[in-house]
>>> print(open('run.tsv').read())   # TSV, C-alpha atoms and all ligand atoms
chain	number	residue	atom	x	y	z
A	3	MET	CA	-40.75	-23.47	1.23
A	4	SER	CA	-37.27	-22.69	-0.18
A	5	LYS	CA	-35.12	-25.55	-1.43
A	6	THR	CA	-32.25	-26.47	0.89
A	7	ARG	CA	-28.87	-25.44	-0.58
A	8	THR	CA	-25.58	-27.24	-0.07
A	9	VAL	CA	-23.14	-24.79	1.53
A	10	LEU	CA	-19.46	-25.48	2.25
A	11	VAL	CA	-17.72	-23.39	4.94
A	12	ILE	CA	-13.97	-23.24	4.31
A	13	GLY	CA	-11.96	-22.47	7.45
A	14	VAL	CA	-13.92	-22.94	10.69
A	15	GLY	CA	-11.85	-20.71	12.95
A	16	SER	CA	-13.46	-17.81	14.74
A	17	ILE	CA	-15.63	-16.43	11.95
A	18	GLY	CA	-16.06	-19.67	9.99
A	19	GLU	CA	-17.65	-21.36	13.02
A	20	ARG	CA	-20.01	-18.41	13.31
A	21	HIS	CA	-20.96	-18.67	9.62
A	22	LEU	CA	-21.54	-22.40	10.02
A	23	ARG	CA	-23.82	-21.86	13.01
A	24	CYS	CA	-25.68	-18.96	11.40
A	25	PHE	CA	-26.24	-20.67	8.03
A	26	GLN	CA	-27.43	-23.73	9.95
A	27	SER	CA	-29.93	-21.62	11.88
A	28	THR	CA	-31.55	-20.36	8.65
A	29	GLY	CA	-32.84	-23.90	8.04
A	30	ARG	CA	-32.12	-23.26	4.33
A	31	ALA	CA	-28.68	-24.88	4.05
A	32	ARG	CA	-27.18	-28.36	4.23
A	33	LEU	CA	-23.69	-27.69	5.53
A	34	SER	CA	-20.28	-29.22	5.02
A	35	LEU	CA	-16.95	-27.87	6.19
A	36	CYS	CA	-13.32	-27.81	5.17
A	37	GLU	CA	-10.60	-27.17	7.74
A	38	ILE	CA	-6.89	-28.02	7.65
A	39	ASN	CA	-6.49	-28.16	11.43
A	40	PRO	CA	-7.57	-31.75	12.31
A	41	ALA	CA	-8.43	-31.12	15.97
A	42	LEU	CA	-10.57	-28.09	15.10
A	43	ARG	CA	-12.17	-29.91	12.16
A	44	GLU	CA	-13.30	-32.77	14.42
A	45	LYS	CA	-14.42	-30.49	17.23
A	46	ILE	CA	-16.58	-28.26	15.02
A	47	ALA	CA	-17.99	-31.17	12.99
A	48	ALA	CA	-19.06	-32.89	16.22
A	49	LYS	CA	-20.44	-29.71	17.81
A	50	TYR	CA	-22.72	-28.92	14.83
A	51	GLY	CA	-23.42	-32.49	13.64
A	52	ILE	CA	-21.66	-32.03	10.27
A	53	ASP	CA	-21.03	-35.39	8.60
A	54	ARG	CA	-19.05	-34.05	5.63
A	55	ALA	CA	-15.90	-32.48	7.15
A	56	TYR	CA	-13.04	-32.28	4.65
A	57	ALA	CA	-9.33	-31.92	5.36
A	58	ASP	CA	-8.71	-29.71	2.32
A	59	LEU	CA	-10.37	-28.11	-0.67
A	60	ASP	CA	-9.25	-30.96	-3.00
A	61	ALA	CA	-11.34	-33.40	-1.00
A	62	ALA	CA	-14.30	-31.01	-0.74
A	63	MET	CA	-14.31	-30.40	-4.51
A	64	GLU	CA	-14.88	-34.07	-5.30
A	65	ASP	CA	-18.54	-33.30	-4.61
A	66	PRO	CA	-18.84	-29.52	-5.15
A	67	PRO	CA	-21.46	-27.63	-3.14
A	68	GLU	CA	-23.88	-25.06	-4.62
A	69	ALA	CA	-22.39	-22.29	-2.49
A	70	ALA	CA	-19.36	-21.72	-0.29
A	71	VAL	CA	-18.28	-19.37	2.47
A	72	VAL	CA	-14.56	-18.58	2.22
A	73	ALA	CA	-13.51	-17.90	5.83
A	74	THR	CA	-9.77	-18.56	5.65
A	75	PRO	CA	-7.13	-15.83	6.09
A	76	ALA	CA	-7.33	-13.14	3.39
A	77	HIS	CA	-4.30	-14.12	1.28
A	78	LEU	CA	-6.10	-17.42	0.50
A	79	HIS	CA	-9.46	-15.92	-0.50
A	80	ILE	CA	-8.86	-15.36	-4.22
A	81	PRO	CA	-7.16	-18.68	-5.11
A	82	MET	CA	-9.90	-20.58	-3.24
A	83	ALA	CA	-12.75	-18.47	-4.62
A	84	THR	CA	-11.41	-18.84	-8.17
A	85	ARG	CA	-11.27	-22.60	-7.88
A	86	LEU	CA	-14.81	-22.71	-6.52
A	87	ALA	CA	-16.13	-20.30	-9.17
A	88	ARG	CA	-14.66	-22.43	-11.97
A	89	ALA	CA	-16.81	-25.28	-10.59
A	90	GLY	CA	-19.91	-23.03	-10.65
A	91	VAL	CA	-20.08	-22.44	-6.87
A	92	HIS	CA	-21.72	-19.24	-5.53
A	93	LEU	CA	-19.45	-17.35	-3.14
A	94	LEU	CA	-19.63	-15.49	0.14
A	95	ILE	CA	-16.06	-14.32	0.71
A	96	GLU	CA	-14.91	-12.93	4.07
A	97	LYS	CA	-13.43	-9.45	4.23
A	98	PRO	CA	-11.03	-8.15	3.16
A	99	LEU	CA	-11.43	-9.56	-0.36
A	100	SER	CA	-7.67	-10.11	-0.53
A	101	THR	CA	-4.29	-8.67	0.39
A	102	SER	CA	-3.44	-7.67	-3.22
A	103	LEU	CA	-5.18	-7.24	-6.57
A	104	ASP	CA	-3.71	-10.49	-7.95
A	105	GLY	CA	-6.23	-12.73	-9.69
A	106	ILE	CA	-9.30	-10.60	-9.01
A	107	ASP	CA	-9.97	-9.70	-12.64
A	108	THR	CA	-9.93	-13.41	-13.55
A	109	LEU	CA	-12.28	-14.23	-10.68
A	110	GLY	CA	-14.63	-11.43	-11.81
A	111	GLU	CA	-14.70	-12.80	-15.37
A	112	ILE	CA	-15.52	-16.33	-14.20
A	113	VAL	CA	-18.25	-15.02	-11.87
A	114	ARG	CA	-19.81	-13.00	-14.71
A	115	ASP	CA	-19.50	-15.80	-17.31
A	116	LYS	CA	-21.12	-18.35	-15.03
A	117	GLY	CA	-23.74	-15.98	-13.61
A	118	LEU	CA	-22.65	-16.58	-10.01
A	119	VAL	CA	-23.40	-14.61	-6.87
A	120	ALA	CA	-20.13	-13.42	-5.33
A	121	ASP	CA	-20.64	-11.36	-2.17
A	122	VAL	CA	-17.96	-9.98	0.13
A	123	ALA	CA	-19.03	-10.49	3.74
A	124	TYR	CA	-18.93	-6.93	5.05
A	125	VAL	CA	-21.35	-7.77	7.81
A	126	MET	CA	-22.07	-4.18	8.87
A	127	HIS	CA	-24.48	-4.09	5.89
A	128	ALA	CA	-26.67	-6.35	8.04
A	129	HIS	CA	-26.73	-3.98	11.05
A	130	PRO	CA	-30.36	-2.86	11.49
A	131	ALA	CA	-29.46	0.66	12.71
A	132	LEU	CA	-27.06	1.23	9.82
A	133	ARG	CA	-29.63	-0.11	7.35
A	134	ALA	CA	-32.31	2.22	8.75
A	135	MET	CA	-29.93	5.18	8.76
A	136	LYS	CA	-28.84	4.51	5.18
A	137	ALA	CA	-32.47	4.25	4.05
A	138	ALA	CA	-33.18	7.63	5.71
A	139	ILE	CA	-30.18	9.28	4.02
A	140	ASP	CA	-31.05	7.70	0.65
A	141	SER	CA	-34.62	8.98	0.94
A	142	GLY	CA	-33.21	12.51	0.70
A	143	ARG	CA	-34.95	13.75	3.84
A	144	PHE	CA	-31.69	15.21	5.23
A	145	GLY	CA	-30.40	16.46	1.88
A	146	PRO	CA	-27.11	15.46	0.26
A	147	PRO	CA	-24.21	14.26	2.48
A	148	VAL	CA	-21.23	16.61	2.73
A	149	GLN	CA	-19.05	15.10	5.49
A	150	VAL	CA	-18.54	11.74	7.23
A	151	VAL	CA	-16.70	11.29	10.54
A	152	VAL	CA	-16.01	7.93	12.18
A	153	GLN	CA	-14.48	7.27	15.56
A	154	CYS	CA	-13.91	3.64	16.41
A	155	GLY	CA	-11.98	1.91	19.19
A	156	GLN	CA	-12.18	-1.30	21.16
A	157	HIS	CA	-10.05	-3.56	23.32
A	158	PHE	CA	-8.89	-6.23	20.86
A	159	PRO	CA	-7.21	-8.42	23.53
A	160	THR	CA	-10.61	-8.80	25.22
A	161	TYR	CA	-12.62	-9.49	22.05
A	162	ARG	CA	-9.96	-11.48	20.14
A	163	PRO	CA	-7.54	-12.88	22.75
A	164	ALA	CA	-5.82	-15.12	20.12
A	165	TYR	CA	-4.72	-12.11	18.04
A	166	ARG	CA	-1.01	-12.95	18.42
A	167	GLU	CA	-1.46	-16.43	16.93
A	168	ILE	CA	-3.77	-15.76	13.96
A	169	TYR	CA	-3.67	-13.94	10.60
A	170	TYR	CA	-3.79	-10.63	12.50
A	171	LYS	CA	-0.08	-10.72	13.42
A	172	ASP	CA	1.13	-10.33	9.80
A	173	ARG	CA	0.00	-7.95	7.04
A	174	ALA	CA	0.80	-10.66	4.46
A	175	THR	CA	-2.08	-12.77	5.80
A	176	GLY	CA	-4.49	-9.84	6.13
A	177	GLY	CA	-3.29	-8.65	9.53
A	178	GLY	CA	-2.94	-5.27	11.16
A	179	ALA	CA	-5.64	-2.73	11.94
A	180	ILE	CA	-5.92	-1.45	8.37
A	181	GLN	CA	-6.88	-4.72	6.68
A	182	ASP	CA	-8.61	-6.18	9.75
A	183	ALA	CA	-10.74	-3.32	11.07
A	184	MET	CA	-10.34	-0.04	9.16
A	185	THR	CA	-11.59	-1.93	6.10
A	186	HIS	CA	-15.02	-2.34	7.82
A	187	ILE	CA	-15.17	1.41	8.47
A	188	LEU	CA	-14.17	2.42	4.95
A	189	ASN	CA	-16.58	-0.07	3.41
A	190	THR	CA	-19.42	1.17	5.62
A	191	ALA	CA	-18.67	4.79	4.73
A	192	GLU	CA	-18.54	3.93	1.00
A	193	TRP	CA	-21.86	2.11	1.33
A	194	MET	CA	-23.37	5.21	3.01
A	195	VAL	CA	-22.08	8.02	0.77
A	196	GLY	CA	-20.34	6.46	-2.25
A	197	PRO	CA	-16.84	5.31	-3.21
A	198	ILE	CA	-13.60	6.92	-2.05
A	199	ASP	CA	-11.55	8.35	-4.90
A	200	ARG	CA	-8.51	9.57	-2.95
A	201	LEU	CA	-7.11	9.35	0.56
A	202	VAL	CA	-4.15	9.99	2.83
A	203	ALA	CA	-3.35	8.03	5.99
A	204	ASP	CA	-1.23	7.67	9.10
A	205	ALA	CA	-0.81	4.48	11.12
A	206	ALA	CA	1.47	3.06	13.79
A	207	HIS	CA	1.92	0.25	16.26
A	208	GLN	CA	1.25	1.93	19.61
A	209	VAL	CA	0.16	-0.55	22.25
A	210	LEU	CA	-0.80	-4.16	21.42
A	211	GLU	CA	1.66	-6.61	22.93
A	212	GLY	CA	3.16	-9.49	20.98
A	213	VAL	CA	2.69	-8.04	17.48
A	214	ASP	CA	4.33	-5.25	15.51
A	215	VAL	CA	1.56	-4.53	12.98
A	216	GLU	CA	-0.25	-1.19	13.22
A	217	ASP	CA	-2.97	-0.95	15.88
A	218	THR	CA	-3.83	2.73	15.30
A	219	VAL	CA	-5.01	4.27	12.00
A	220	HIS	CA	-6.14	7.69	10.83
A	221	VAL	CA	-7.48	8.27	7.30
A	222	LEU	CA	-8.65	11.41	5.49
A	223	ALA	CA	-10.66	10.59	2.38
A	224	ARG	CA	-12.65	12.12	-0.44
A	225	HIS	CA	-15.79	10.38	-1.65
A	226	GLY	CA	-16.33	12.74	-4.60
A	227	ASN	CA	-17.57	15.94	-2.96
A	228	VAL	CA	-17.94	14.33	0.47
A	229	LEU	CA	-15.06	14.74	2.95
A	230	GLY	CA	-14.33	11.76	5.22
A	231	SER	CA	-12.30	11.47	8.43
A	232	TYR	CA	-11.75	8.05	10.02
A	233	SER	CA	-9.91	7.08	13.21
A	234	LEU	CA	-9.46	3.71	14.85
A	235	ASN	CA	-7.53	2.03	17.63
A	236	GLN	CA	-7.61	-1.55	18.90
A	237	TYR	CA	-6.70	-1.15	22.57
A	238	GLN	CA	-8.84	1.46	24.37
A	239	ALA	CA	-11.10	0.25	27.16
A	240	ALA	CA	-14.18	2.05	25.86
A	241	ASN	CA	-16.07	0.29	23.06
A	242	ASP	CA	-16.66	3.12	20.56
A	243	TRP	CA	-18.18	2.93	17.08
A	244	THR	CA	-19.69	6.22	16.02
A	245	LEU	CA	-20.35	7.18	12.41
A	246	THR	CA	-21.68	10.67	11.71
A	247	VAL	CA	-22.95	11.73	8.29
A	248	VAL	CA	-23.43	15.48	8.06
A	249	CYS	CA	-25.93	16.33	5.33
A	250	LEU	CA	-26.98	19.75	4.04
A	251	GLY	CA	-30.29	19.54	5.92
A	252	GLY	CA	-29.35	17.56	9.04
A	253	THR	CA	-26.83	15.50	10.95
A	254	VAL	CA	-27.26	11.74	11.20
A	255	ARG	CA	-25.30	9.57	13.63
A	256	PHE	CA	-24.89	5.81	14.14
A	257	GLU	CA	-23.87	4.79	17.66
A	258	GLY	CA	-23.01	1.08	17.53
A	259	PRO	CA	-22.62	0.20	21.22
A	260	LYS	CA	-25.83	2.13	22.06
A	261	MET	CA	-27.79	0.20	19.41
A	262	ARG	CA	-29.28	3.26	17.81
A	263	TRP	CA	-29.05	5.92	15.17
A	264	ARG	CA	-30.14	9.51	15.76
A	265	TRP	CA	-30.63	12.73	13.85
A	266	MET	CA	-30.84	16.48	14.35
A	267	THR	CA	-31.91	19.16	11.86
A	268	LYS	CA	-31.86	22.41	13.87
A	269	PRO	CA	-29.27	23.96	16.22
A	270	GLU	CA	-30.21	23.70	19.93
A	271	GLU	CA	-32.76	21.02	19.12
A	272	PRO	CA	-32.36	17.70	21.00
A	273	TRP	CA	-31.24	14.60	19.10
A	274	HIS	CA	-34.10	12.48	17.80
A	275	ASP	CA	-33.20	8.92	18.79
A	276	GLU	CA	-34.06	5.93	16.61
A	277	PRO	CA	-33.34	2.91	18.83
A	278	ILE	CA	-33.34	-0.65	17.54
A	279	GLU	CA	-34.11	-3.88	19.36
A	280	PRO	CA	-30.91	-5.12	21.05
A	281	PHE	CA	-29.53	-8.20	19.32
A	282	GLU	CA	-26.73	-10.74	19.63
A	283	ARG	CA	-23.80	-10.60	17.19
A	284	ASP	CA	-24.97	-13.82	15.48
A	285	ALA	CA	-28.15	-12.06	14.32
A	286	MET	CA	-26.24	-9.98	11.77
A	287	PHE	CA	-24.60	-13.10	10.38
A	288	VAL	CA	-27.97	-14.86	10.13
A	289	THR	CA	-29.35	-11.83	8.25
A	290	GLN	CA	-26.29	-11.87	5.99
A	291	ALA	CA	-26.73	-15.61	5.34
A	292	GLN	CA	-30.41	-15.10	4.49
A	293	ALA	CA	-29.56	-12.25	2.11
A	294	PHE	CA	-26.87	-14.35	0.43
A	295	LEU	CA	-29.24	-17.33	0.00
A	296	ASP	CA	-31.93	-14.97	-1.34
A	297	ALA	CA	-29.42	-13.70	-3.93
A	298	VAL	CA	-28.41	-17.27	-4.85
A	299	GLU	CA	-32.10	-18.06	-5.37
A	300	GLY	CA	-32.57	-14.93	-7.51
A	301	LYS	CA	-35.03	-13.42	-5.01
A	302	ALA	CA	-32.96	-10.34	-4.17
A	303	GLU	CA	-29.96	-8.33	-5.29
A	304	PRO	CA	-26.61	-9.24	-3.69
A	305	TRP	CA	-25.70	-7.03	-0.72
A	306	SER	CA	-22.00	-6.38	-1.01
A	307	THR	CA	-20.69	-7.41	-4.39
A	308	LEU	CA	-17.27	-8.42	-5.67
A	309	ASP	CA	-16.93	-4.97	-7.28
A	310	GLU	CA	-17.69	-3.22	-3.96
A	311	GLY	CA	-15.25	-5.53	-2.16
A	312	LEU	CA	-12.64	-4.73	-4.81
A	313	GLN	CA	-13.22	-0.99	-4.38
A	314	THR	CA	-12.69	-1.29	-0.60
A	315	LEU	CA	-9.63	-3.48	-1.20
A	316	ARG	CA	-8.18	-0.67	-3.35
A	317	CYS	CA	-8.79	1.66	-0.37
A	318	ASN	CA	-6.98	-0.77	1.98
A	319	LEU	CA	-3.99	-0.86	-0.37
A	320	ALA	CA	-3.97	2.94	-0.69
A	321	VAL	CA	-4.11	3.33	3.12
A	322	LEU	CA	-1.22	0.87	3.51
A	323	ALA	CA	0.86	2.73	0.90
A	324	SER	CA	0.13	6.13	2.41
A	325	ALA	CA	0.77	4.99	5.98
A	326	ASP	CA	4.06	3.46	4.84
A	327	GLY	CA	5.25	6.80	3.49
A	328	ALA	CA	3.99	7.22	-0.09
A	329	SER	CA	3.85	10.96	-0.58
A	330	GLY	CA	0.66	12.97	-0.97
A	331	TRP	CA	-2.90	11.88	-1.64
A	332	GLN	CA	-3.28	8.36	-2.99
A	333	ARG	CA	-5.70	7.86	-5.89
A	334	VAL	CA	-8.09	4.96	-5.39
A	335	GLY	CA	-9.28	3.16	-8.50
A	336	ARG	CA	-7.89	1.80	-11.72
A	401	LIG	N1	-16.78	-10.20	9.31
A	401	LIG	C1	-16.16	-10.13	10.47
A	401	LIG	O1	-16.65	-9.51	11.40
A	401	LIG	C2	-14.84	-10.85	10.64
A	401	LIG	C3	-14.35	-11.07	11.93
A	401	LIG	C4	-13.17	-11.79	12.07
A	401	LIG	C5	-12.48	-12.23	10.95
A	401	LIG	N2	-12.97	-11.98	9.69
A	401	LIG	C6	-12.24	-12.43	8.48
A	401	LIG	O2	-12.44	-13.84	8.33
A	401	LIG	C7	-11.25	-14.48	7.88
A	401	LIG	C8	-10.84	-15.53	8.91
A	401	LIG	O3	-10.66	-14.92	10.17
A	401	LIG	P1	-10.75	-15.72	11.56
A	401	LIG	O4	-10.74	-14.70	12.63
A	401	LIG	O5	-11.86	-16.71	11.51
A	401	LIG	O6	-9.35	-16.48	11.53
A	401	LIG	P2	-8.97	-17.86	12.23
A	401	LIG	O7	-7.50	-17.97	12.18
A	401	LIG	O8	-9.67	-17.96	13.55
A	401	LIG	O9	-9.63	-18.96	11.26
A	401	LIG	C9	-9.15	-19.24	9.96
A	401	LIG	C10	-9.26	-20.76	9.77
A	401	LIG	O10	-8.89	-21.11	8.43
A	401	LIG	C11	-8.21	-22.37	8.50
A	401	LIG	N3	-7.44	-22.54	7.27
A	401	LIG	C12	-6.29	-21.93	6.92
A	401	LIG	N4	-5.88	-22.37	5.71
A	401	LIG	C13	-6.80	-23.28	5.29
A	401	LIG	C14	-6.92	-24.08	4.12
A	401	LIG	N5	-6.02	-24.04	3.16
A	401	LIG	N6	-8.01	-24.90	4.01
A	401	LIG	C15	-8.93	-24.95	5.01
A	401	LIG	N7	-8.86	-24.22	6.15
A	401	LIG	C16	-7.80	-23.39	6.28
A	401	LIG	C17	-7.35	-22.23	9.74
A	401	LIG	O11	-6.89	-23.50	10.20
A	401	LIG	C18	-8.30	-21.54	10.70
A	401	LIG	O12	-9.04	-22.46	11.48
A	401	LIG	C19	-10.23	-13.34	7.67
A	401	LIG	O13	-10.27	-12.92	6.33
A	401	LIG	C20	-10.74	-12.23	8.58
A	401	LIG	O14	-10.37	-10.93	8.12
A	401	LIG	C21	-14.14	-11.32	9.54
>>> encode(input="run.tsv", output="structure tokens")
Amino acid sequence: MSKTRTVLVIGVGSIGERHLRCFQSTGRARLSLCEINPALREKIAAKYGIDRAYADLDAAMEDPPEAAVVATPAHLHIPMATRLARAGVHLLIEKPLSTSLDGIDTLGEIVRDKGLVADVAYVMHAHPALRAMKAAIDSGRFGPPVQVVVQCGQHFPTYRPAYREIYYKDRATGGGAIQDAMTHILNTAEWMVGPIDRLVADAAHQVLEGVDVEDTVHVLARHGNVLGSYSLNQYQAANDWTLTVVCLGGTVRFEGPKMRWRWMTKPEEPWHDEPIEPFERDAMFVTQAQAFLDAVEGKAEPWSTLDEGLQTLRCNLAVLASADGASGWQRVGR
């Protein structure tokens, strides 16, 4: 039997509540929470039977936990994570890692010096079809990847009706389609075929009512020798999430809403489907929580590290710069 870990969830809005529930369901964590909104703090504490519910991080740090989930808006991630790391707390930080590069080097040094786990919660790493597809590509059975194409769209007002009131409405708090959603796509593509070293982008506000941040994004990218093309909108009725990796010896495709990946190696041949068991969204967060706790206990490597989160953050910043008019291809990296 694993030891039970003390885990603090900071910010119990939409995703923080989910983390709280999913860590609780692992049976491996004793949970506390920290939330500045008093009504929400009381509601969530009562709903999940949490007796330690703090009004702010100062109060929570009087008795530091072993691990924390940072689920506040993105501009708060680094200051909070740095404070926690100084106290020796392992970190699961929501995406995107931040809205700028400020303070990340310092956080990295503290994490290294103290030997902490610091994961960035790109939850698509826990998707069983993507994991299976990545394992197949990594095995070399389709040959080396040469091109990646992603098409993604969904109706944000249906899935996130509060979008006008939350961090999403302002880029400074991690809002807009680039930092909110395109970051998942770029991170998933980097995980599949390696880091992006340059990109160019276009983005605009097209449809979503009540906000003026971009809701439509197109990115062309180079991951070394691999060409990437990524498109996203947040208002179409159809729920699309297709990621195709063309390799020298075959084409491999993830189809999110259809809960499968598929592959084809010869022209005119039918697709070979690789379905997965349908699952609820919580299941990925439970898997992520288990993987994080395994890493904290030294049983497994972390899944999506601070360095990987930083690399994808550099992509976000390059996409923002390019979409805002910076000329030519934007280099990603130091
Ligand atoms: N992995 C995913 O699929 C996913 C999905 C949605 C959001 N996110 C990310 O999670 C983060 C939070 O998003 P959300 O949708 O839950 O937002 P949200 O607005 O619903 O929740 C954020 C919560 O943080 C609280 N908060 C703000 N400042 C605080 C402070 N100083 N101390 C304590 N609590 C504080 C707010 O009161 C709010 O309840 C963002 O970085 C977002 O990008 C990830």
>>> residues_near_ligand(input="run.tsv", ligand="ligand LIG 401 (chain A)", cutoff="9 Å", atoms="all atoms listed in the file", output="PyMOL selection string")
chain A and resi 11-20+35-40+42-43+56-59+72-79+82+95-100+123-126+162+164-165+167-170+175-177+181-183+186+287
>>> atom_distance(input="run.tsv", atom1="CA of Trp243 in chain A", atom2="CA of Gln156 in chain A")
8.4 Å
>>> atom_distance(input="run.tsv", atom1="CA of Leu93 in chain A", atom2="CA of Lys171 in chain A")
26.3 Å
>>> closest_residue(input="run.tsv", among="A:Asn241, A:Ser102, A:Asn189, A:Thr289", to="Arg173 in chain A", atoms="all atoms listed in the file")
A:Ser102
>>> residues_around(input="run.tsv", residues="range 222-235 of chain A", least_positions_apart="2", cutoff="7 Å", atoms="only C-alpha atoms", output="VMD selection string")
chain A and resid 147 to 156 184 196 to 203 217 to 220 237 to 238
>>> closest_residue(input="run.tsv", among="A:Val215, A:Ala47, A:Thr253, A:Ala240", to="Glu271 in chain A", atoms="all atoms listed in the file")
A:Thr253
>>> closest_residue(input="run.tsv", among="A:Cys317, A:Val298, A:Val209, A:Met194", to="Lys5 in chain A", atoms="all atoms listed in the file")
A:Val298
>>> atom_distance(input="run.tsv", atom1="CA of Leu210 in chain A", atom2="CA of Ala328 in chain A")
24.8 Å
